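File shown here: my_file.cif, holding mmCIF, C-alpha atoms.
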data_my_file
#
loop_
_atom_site.group_PDB
_atom_site.id
_atom_site.type_symbol
_atom_site.label_atom_id
_atom_site.label_comp_id
_atom_site.auth_asym_id
_atom_site.auth_seq_id
_atom_site.Cartn_x
_atom_site.Cartn_y
_atom_site.Cartn_z
ATOM 1 C CA MET A 1 19.760 -12.373 0.598
ATOM 2 C CA ILE A 2 16.902 -9.861 0.631
ATOM 3 C CA GLU A 3 15.773 -8.689 -2.803
ATOM 4 C CA ILE A 4 13.456 -5.881 -3.884
ATOM 5 C CA SER A 5 11.589 -6.246 -7.175
ATOM 6 C CA LYS A 6 8.435 -5.207 -9.001
ATOM 7 C CA ILE A 7 5.646 -7.719 -9.478
ATOM 8 C CA ASN A 8 5.458 -6.901 -13.204
ATOM 9 C CA THR A 9 8.943 -8.374 -13.720
ATOM 10 C CA ILE A 10 7.803 -11.908 -12.823
ATOM 11 C CA GLU A 11 7.410 -13.770 -16.110
ATOM 12 C CA ASP A 12 6.886 -17.344 -14.911
ATOM 13 C CA LYS A 13 3.161 -17.993 -14.357
ATOM 14 C CA MET A 14 3.687 -20.511 -11.539
ATOM 15 C CA GLU A 15 6.069 -18.171 -9.736
ATOM 16 C CA PHE A 16 3.611 -15.276 -10.197
ATOM 17 C CA GLU A 17 0.742 -17.331 -8.734
ATOM 18 C CA ASP A 18 2.911 -18.354 -5.769
ATOM 19 C CA ILE A 19 3.890 -14.709 -5.161
ATOM 20 C CA VAL A 20 0.228 -13.614 -5.242
ATOM 21 C CA PHE A 21 -0.650 -16.447 -2.833
ATOM 22 C CA GLN A 22 2.032 -15.209 -0.430
ATOM 23 C CA VAL A 23 0.892 -11.590 -0.820
ATOM 24 C CA LYS A 24 -2.667 -12.678 0.025
ATOM 25 C CA SER A 25 -1.420 -14.434 3.147
ATOM 26 C CA ILE A 26 0.391 -11.290 4.296
ATOM 27 C CA PHE A 27 -2.615 -9.126 3.386
ATOM 28 C CA TYR A 28 -5.046 -11.196 5.458
ATOM 29 C CA ALA A 29 -2.614 -11.496 8.377
ATOM 30 C CA SER A 30 -2.298 -7.680 8.389
ATOM 31 C CA SER A 31 -5.986 -6.900 7.917
ATOM 32 C CA SER A 32 -8.204 -5.877 10.802
ATOM 33 C CA LEU A 33 -11.055 -7.824 9.169
ATOM 34 C CA LYS A 34 -10.580 -11.516 9.940
ATOM 35 C CA GLU A 35 -13.948 -13.139 9.178
ATOM 36 C CA PHE A 36 -15.950 -13.100 5.964
ATOM 37 C CA SER A 37 -19.452 -14.325 5.195
ATOM 38 C CA SER A 38 -18.274 -16.207 2.100
ATOM 39 C CA PRO A 39 -15.146 -17.028 0.092
ATOM 40 C CA GLU A 40 -16.404 -14.606 -2.583
ATOM 41 C CA ARG A 41 -16.564 -11.724 -0.083
ATOM 42 C CA LYS A 42 -13.080 -12.583 1.155
ATOM 43 C CA GLU A 43 -11.743 -12.507 -2.418
ATOM 44 C CA ALA A 44 -13.587 -9.233 -3.165
ATOM 45 C CA PHE A 45 -12.014 -7.686 -0.048
ATOM 46 C CA PHE A 46 -8.532 -8.679 -1.242
ATOM 47 C CA LYS A 47 -9.251 -7.424 -4.769
ATOM 48 C CA ARG A 48 -10.407 -4.024 -3.504
ATOM 49 C CA TRP A 49 -7.508 -3.324 -1.170
ATOM 50 C CA CYS A 50 -4.630 -5.158 -2.867
ATOM 51 C CA GLY A 51 -5.480 -7.184 -5.986
ATOM 52 C CA ASP A 52 -6.523 -4.188 -8.066
ATOM 53 C CA TYR A 53 -3.070 -2.693 -7.477
ATOM 54 C CA ILE A 54 -1.460 -5.876 -8.811
ATOM 55 C CA SER A 55 -3.563 -5.790 -11.984
ATOM 56 C CA LEU A 56 -3.825 -2.011 -12.562
ATOM 57 C CA PHE A 57 -0.452 -0.733 -11.302
ATOM 58 C CA PRO A 58 1.941 -3.730 -11.427
ATOM 59 C CA GLU A 59 4.951 -1.519 -12.144
ATOM 60 C CA GLN A 60 4.301 0.187 -8.785
ATOM 61 C CA PHE A 61 3.755 -3.025 -6.794
ATOM 62 C CA THR A 62 7.027 -3.675 -4.976
ATOM 63 C CA LEU A 63 7.971 -6.962 -3.357
ATOM 64 C CA MET A 64 10.597 -7.664 -0.734
ATOM 65 C CA THR A 65 11.670 -11.292 -0.847
ATOM 66 C CA GLU A 66 14.253 -13.586 0.636
ATOM 67 C CA ASP A 67 14.868 -16.974 -0.984
ATOM 68 C CA LYS A 68 11.569 -16.750 -2.958
ATOM 69 C CA LYS A 69 9.656 -16.036 0.264
ATOM 70 C CA VAL A 70 7.701 -12.752 0.278
ATOM 71 C CA LEU A 71 8.522 -10.777 3.412
ATOM 72 C CA GLY A 72 6.352 -7.785 2.539
ATOM 73 C CA TYR A 73 5.008 -5.610 -0.224
ATOM 74 C CA LEU A 74 4.149 -2.021 -1.100
ATOM 75 C CA SER A 75 1.281 -1.370 -3.483
ATOM 76 C CA GLY A 76 1.378 2.113 -4.915
ATOM 77 C CA CYS A 77 -0.290 4.464 -7.330
ATOM 78 C CA MET A 78 1.450 7.570 -8.667
ATOM 79 C CA ASP A 79 -1.764 9.357 -9.668
ATOM 80 C CA SER A 80 -4.527 9.144 -7.077
ATOM 81 C CA SER A 81 -6.775 11.581 -8.980
ATOM 82 C CA SER A 82 -6.890 9.307 -12.032
ATOM 83 C CA ALA A 83 -7.214 6.196 -9.863
ATOM 84 C CA ILE A 84 -10.531 7.403 -8.409
ATOM 85 C CA SER A 85 -12.261 6.154 -11.558
ATOM 86 C CA VAL A 86 -10.711 2.651 -11.453
ATOM 87 C CA LEU A 87 -10.257 1.828 -7.767
ATOM 88 C CA GLU A 88 -13.321 0.787 -5.791
ATOM 89 C CA VAL A 89 -11.935 1.799 -2.402
ATOM 90 C CA PRO A 90 -14.617 3.182 -0.062
ATOM 91 C CA GLY A 91 -13.940 6.779 0.878
ATOM 92 C CA PHE A 92 -11.031 7.078 -1.552
ATOM 93 C CA ASN A 93 -12.246 10.428 -2.881
ATOM 94 C CA LEU A 94 -12.783 11.808 0.649
ATOM 95 C CA PHE A 95 -9.346 13.432 0.500
ATOM 96 C CA SER A 96 -9.288 14.228 -3.238
ATOM 97 C CA ASP A 97 -8.841 17.942 -2.531
ATOM 98 C CA LEU A 98 -5.379 17.064 -1.164
ATOM 99 C CA PHE A 99 -4.262 14.971 -4.151
ATOM 100 C CA ARG A 100 -2.732 18.009 -5.842
ATOM 101 C CA SER A 101 -0.189 18.352 -3.017
ATOM 102 C CA TYR A 102 0.078 14.596 -2.381
ATOM 103 C CA PRO A 103 -0.733 12.961 -5.741
ATOM 104 C CA ALA A 104 0.642 9.477 -5.059
ATOM 105 C CA HIS A 105 -0.458 6.967 -2.436
ATOM 106 C CA PHE A 106 0.503 3.520 -1.194
ATOM 107 C CA HIS A 107 -0.321 0.631 1.124
ATOM 108 C CA ILE A 108 2.329 -1.486 2.800
ATOM 109 C CA ASN A 109 2.183 -4.786 4.666
ATOM 110 C CA PHE A 110 4.730 -7.211 6.075
ATOM 111 C CA ARG A 111 4.634 -10.668 7.541
ATOM 112 C CA PRO A 112 4.247 -10.318 11.317
ATOM 113 C CA ASP A 113 7.631 -12.001 11.914
ATOM 114 C CA CYS A 114 9.368 -9.478 9.628
ATOM 115 C CA ARG A 115 8.159 -6.281 11.285
ATOM 116 C CA GLY A 116 10.431 -4.038 13.303
ATOM 117 C CA ARG A 117 13.541 -4.789 11.223
ATOM 118 C CA GLY A 118 13.587 -1.603 9.125
ATOM 119 C CA LEU A 119 12.361 -3.432 6.009
ATOM 120 C CA GLY A 120 9.192 -1.353 5.696
ATOM 121 C CA SER A 121 11.207 1.846 5.896
ATOM 122 C CA GLN A 122 13.361 0.567 3.018
ATOM 123 C CA LEU A 123 10.308 -0.045 0.832
ATOM 124 C CA VAL A 124 8.722 3.322 1.634
ATOM 125 C CA GLU A 125 11.954 5.240 1.030
ATOM 126 C CA GLY A 126 12.528 3.337 -2.223
ATOM 127 C CA TYR A 127 9.010 4.182 -3.387
ATOM 128 C CA CYS A 128 9.497 7.843 -2.470
ATOM 129 C CA GLU A 129 12.729 7.888 -4.481
ATOM 130 C CA ASP A 130 10.917 6.343 -7.475
ATOM 131 C CA LEU A 131 8.258 9.044 -7.161
ATOM 132 C CA ARG A 132 10.895 11.831 -7.035
ATOM 133 C CA GLU A 133 12.509 10.424 -10.184
ATOM 134 C CA GLN A 134 9.099 10.625 -11.910
ATOM 135 C CA GLY A 135 8.669 14.257 -10.805
ATOM 136 C CA ILE A 136 5.967 13.430 -8.238
ATOM 137 C CA THR A 137 5.997 16.062 -5.481
ATOM 138 C CA GLY A 138 4.090 14.349 -2.680
ATOM 139 C CA VAL A 139 2.721 11.056 -1.388
ATOM 140 C CA HIS A 140 -0.006 10.114 1.058
ATOM 141 C CA LEU A 141 -1.577 7.187 2.827
ATOM 142 C CA VAL A 142 -4.800 6.812 4.762
ATOM 143 C CA THR A 143 -5.047 5.157 8.158
ATOM 144 C CA SER A 144 -7.110 5.731 11.275
ATOM 145 C CA PRO A 145 -6.311 8.061 14.186
ATOM 146 C CA GLY A 146 -4.774 6.114 17.024
ATOM 147 C CA ALA A 147 -3.500 3.317 14.753
ATOM 148 C CA ALA A 148 -0.159 1.821 15.759
ATOM 149 C CA ASN A 149 1.327 2.565 12.316
ATOM 150 C CA ILE A 150 1.134 6.359 12.790
ATOM 151 C CA ILE A 151 4.460 6.458 14.657
ATOM 152 C CA PHE A 152 6.100 4.498 11.817
ATOM 153 C CA TYR A 153 4.896 7.027 9.232
ATOM 154 C CA GLN A 154 5.801 10.030 11.369
ATOM 155 C CA ARG A 155 9.366 8.670 11.607
ATOM 156 C CA LEU A 156 9.358 8.584 7.789
ATOM 157 C CA SER A 157 8.499 12.318 7.605
ATOM 158 C CA PHE A 158 4.765 12.014 6.966
ATOM 159 C CA ARG A 159 3.973 15.329 8.651
ATOM 160 C CA HIS A 160 0.736 16.565 7.066
ATOM 161 C CA GLU A 161 -2.240 15.053 8.888
ATOM 162 C CA VAL A 162 -5.916 15.596 8.064
ATOM 163 C CA LYS A 163 -8.816 13.819 9.782
ATOM 164 C CA ARG A 164 -12.193 13.343 8.121
ATOM 165 C CA GLU A 165 -15.352 11.441 8.971
ATOM 166 C CA PHE A 166 -16.481 8.547 6.785
ATOM 167 C CA ASN A 167 -19.314 6.095 7.537
ATOM 168 C CA GLN A 168 -19.392 6.993 11.233
ATOM 169 C CA MET A 169 -15.662 6.524 11.657
ATOM 170 C CA CYS A 170 -12.661 8.794 11.406
ATOM 171 C CA LEU A 171 -9.973 8.439 8.744
ATOM 172 C CA LEU A 172 -6.551 10.088 8.795
ATOM 173 C CA LEU A 173 -4.600 11.141 5.719
ATOM 174 C CA MET A 174 -0.876 11.425 6.294
ATOM 175 C CA GLY A 175 1.087 13.274 3.637
ATOM 176 C CA ARG A 176 4.737 13.794 2.846
ATOM 177 C CA LEU A 177 6.197 16.312 0.431
ATOM 178 C CA LEU A 178 9.011 14.946 -1.735
ATOM 179 C CA GLU A 179 11.714 17.515 -2.245
#

Full structure transcribed into structure tokens:
Amino acid sequence: MIEISKINTIEDKMEFEDIVFQVKSIFYASSSLKEFSSPERKEAFFKRWCGDYISLFPEQFTLMTEDKKVLGYLSGCMDSSSAISVLEVPGFNLFSDLFRSYPAHFHINFRPDCRGRGLGSQLVEGYCEDLREQGITGVHLVTSPGAANIIFYQRLSFRHEVKREFNQMCLLLMGRLLE
């Protein structure tokens, strides 16, 4: 049976460490960066894009599991403006002028063998419902133009799109109002 839970509800240390190990595996399998110059750089990459969400926003880190196996996760933050000071994500403040309309953001990843089953849509819609209940009026994510995930987000009503240059590459913010 598929279960959805928050990472902050895991009380057993061994179970927590196993969950984080599985999340790391999914993170690296989903990442476009596959090689690192050292184990420390690999760990720093995970920390920046995923681990900080586990430690700073555990109540917004959602897991989808089946028989203790992590299928995917959504790492979120309800207040992107405040997160600028604690997250070390390159280019994070590039879209800060849009955070008033789209104050929350998230990242989502699934095991490759679990994609295309509607599970990601469930996590995103659940997160959007949580945001609505908290009075949050919009949510965004950042990807790159031409990325395969754009169609997925467009199907989930992420209609507002803004492109901006960062470090000689183009980034795309996709926003969704929550009404």

Explicit residue set for the PyMOL selection byres ((chain A and resi 114) around 12), as a list in words: Ile2, Ile26, Ser30, Met64, Thr65, Glu66, Lys69, Val70, Leu71, Gly72, Tyr73, Asn109, Phe110, Arg111, Pro112, Asp113, Arg115, Gly116, Arg117, Gly118, Leu119 and Gly120 of chain A

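The shell of residues at most 12 Å from A:Ser96, with all atoms listed in the file counted and near chain neighbours (fewer than 3 positions) removed, consists of Asp79, Ser80, Ser81, Ser82, Ala83, Ile84, Ser85, Gly91, Phe92, Asn93, Phe99, Arg100, Ser101, Tyr102, Pro103, Ala104, His105, His140, Val142, Val162, Arg164 and Leu173 of chain A.
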
Given the selection you just returned, output its residues as a file containing C-alpha atoms, formatted as a PDB file, in the frame of the given file.
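After the write, out.pdb holds the following:
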ATOM      1  CA  ASP A  79      -1.764   9.357  -9.668  1.00  0.00           C
ATOM      2  CA  SER A  80      -4.527   9.144  -7.077  1.00  0.00           C
ATOM      3  CA  SER A  81      -6.775  11.581  -8.980  1.00  0.00           C
ATOM      4  CA  SER A  82      -6.890   9.307 -12.032  1.00  0.00           C
ATOM      5  CA  ALA A  83      -7.214   6.196  -9.863  1.00  0.00           C
ATOM      6  CA  ILE A  84     -10.531   7.403  -8.409  1.00  0.00           C
ATOM      7  CA  SER A  85     -12.261   6.154 -11.558  1.00  0.00           C
ATOM      8  CA  GLY A  91     -13.940   6.779   0.878  1.00  0.00           C
ATOM      9  CA  PHE A  92     -11.031   7.078  -1.552  1.00  0.00           C
ATOM     10  CA  ASN A  93     -12.246  10.428  -2.881  1.00  0.00           C
ATOM     11  CA  PHE A  99      -4.262  14.971  -4.151  1.00  0.00           C
ATOM     12  CA  ARG A 100      -2.732  18.009  -5.842  1.00  0.00           C
ATOM     13  CA  SER A 101      -0.189  18.352  -3.017  1.00  0.00           C
ATOM     14  CA  TYR A 102       0.078  14.596  -2.381  1.00  0.00           C
ATOM     15  CA  PRO A 103      -0.733  12.961  -5.741  1.00  0.00           C
ATOM     16  CA  ALA A 104       0.642   9.477  -5.059  1.00  0.00           C
ATOM     17  CA  HIS A 105      -0.458   6.967  -2.436  1.00  0.00           C
ATOM     18  CA  HIS A 140      -0.006  10.114   1.058  1.00  0.00           C
ATOM     19  CA  VAL A 142      -4.800   6.812   4.762  1.00  0.00           C
ATOM     20  CA  VAL A 162      -5.916  15.596   8.064  1.00  0.00           C
ATOM     21  CA  ARG A 164     -12.193  13.343   8.121  1.00  0.00           C
ATOM     22  CA  LEU A 173      -4.600  11.141   5.719  1.00  0.00           C
TER      23      LEU A 173
END

Residues matched by the PyMOL selection byres ((chain A and resi 27) around 12) as a PyMOL selection string: chain A and resi 20-26+28-34+42-43+45-51+70-75+107-112

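Taking atom CA of A:Gly175 as the reference point, atom CA of A:Phe106 is found at 10.9 Å.
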
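The gap separating atom CA of A:Arg132 from atom CA of A:Ile10 is 24.6 Å, in Å to one decimal.
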
Atom-to-atom span, atom CA of A:Met14 and atom CA of A:Tyr53, Å: 19.5 Å

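Those residues positioned at most 6 Å from (-9.4, 7.1, 8.8) are A:Thr143, A:Ser144, A:Cys170, A:Leu171, A:Leu172, judged using all atoms listed in the file.
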
Pick from A:Phe95, A:Asp12, A:Ser55, A:Cys77 nearest to A:Phe166, counting only C-alpha atoms: A:Phe95

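If only C-alpha atoms are the atoms counted, then among A:Asn8, A:Ser157, A:Asn167, A:Ser37 the closest residue to A:Val139 is A:Ser157.
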
For stretch 56-59 of chain A, I'd like the enclosing box, axis-aligned and padded by 5 Å on every side, reported as AutoDock Vina command-line options with centre and edge lengths in Å to one decimal.
--center_x 0.6 --center_y -2.2 --center_z -11.9 --size_x 18.8 --size_y 13.0 --size_z 11.3
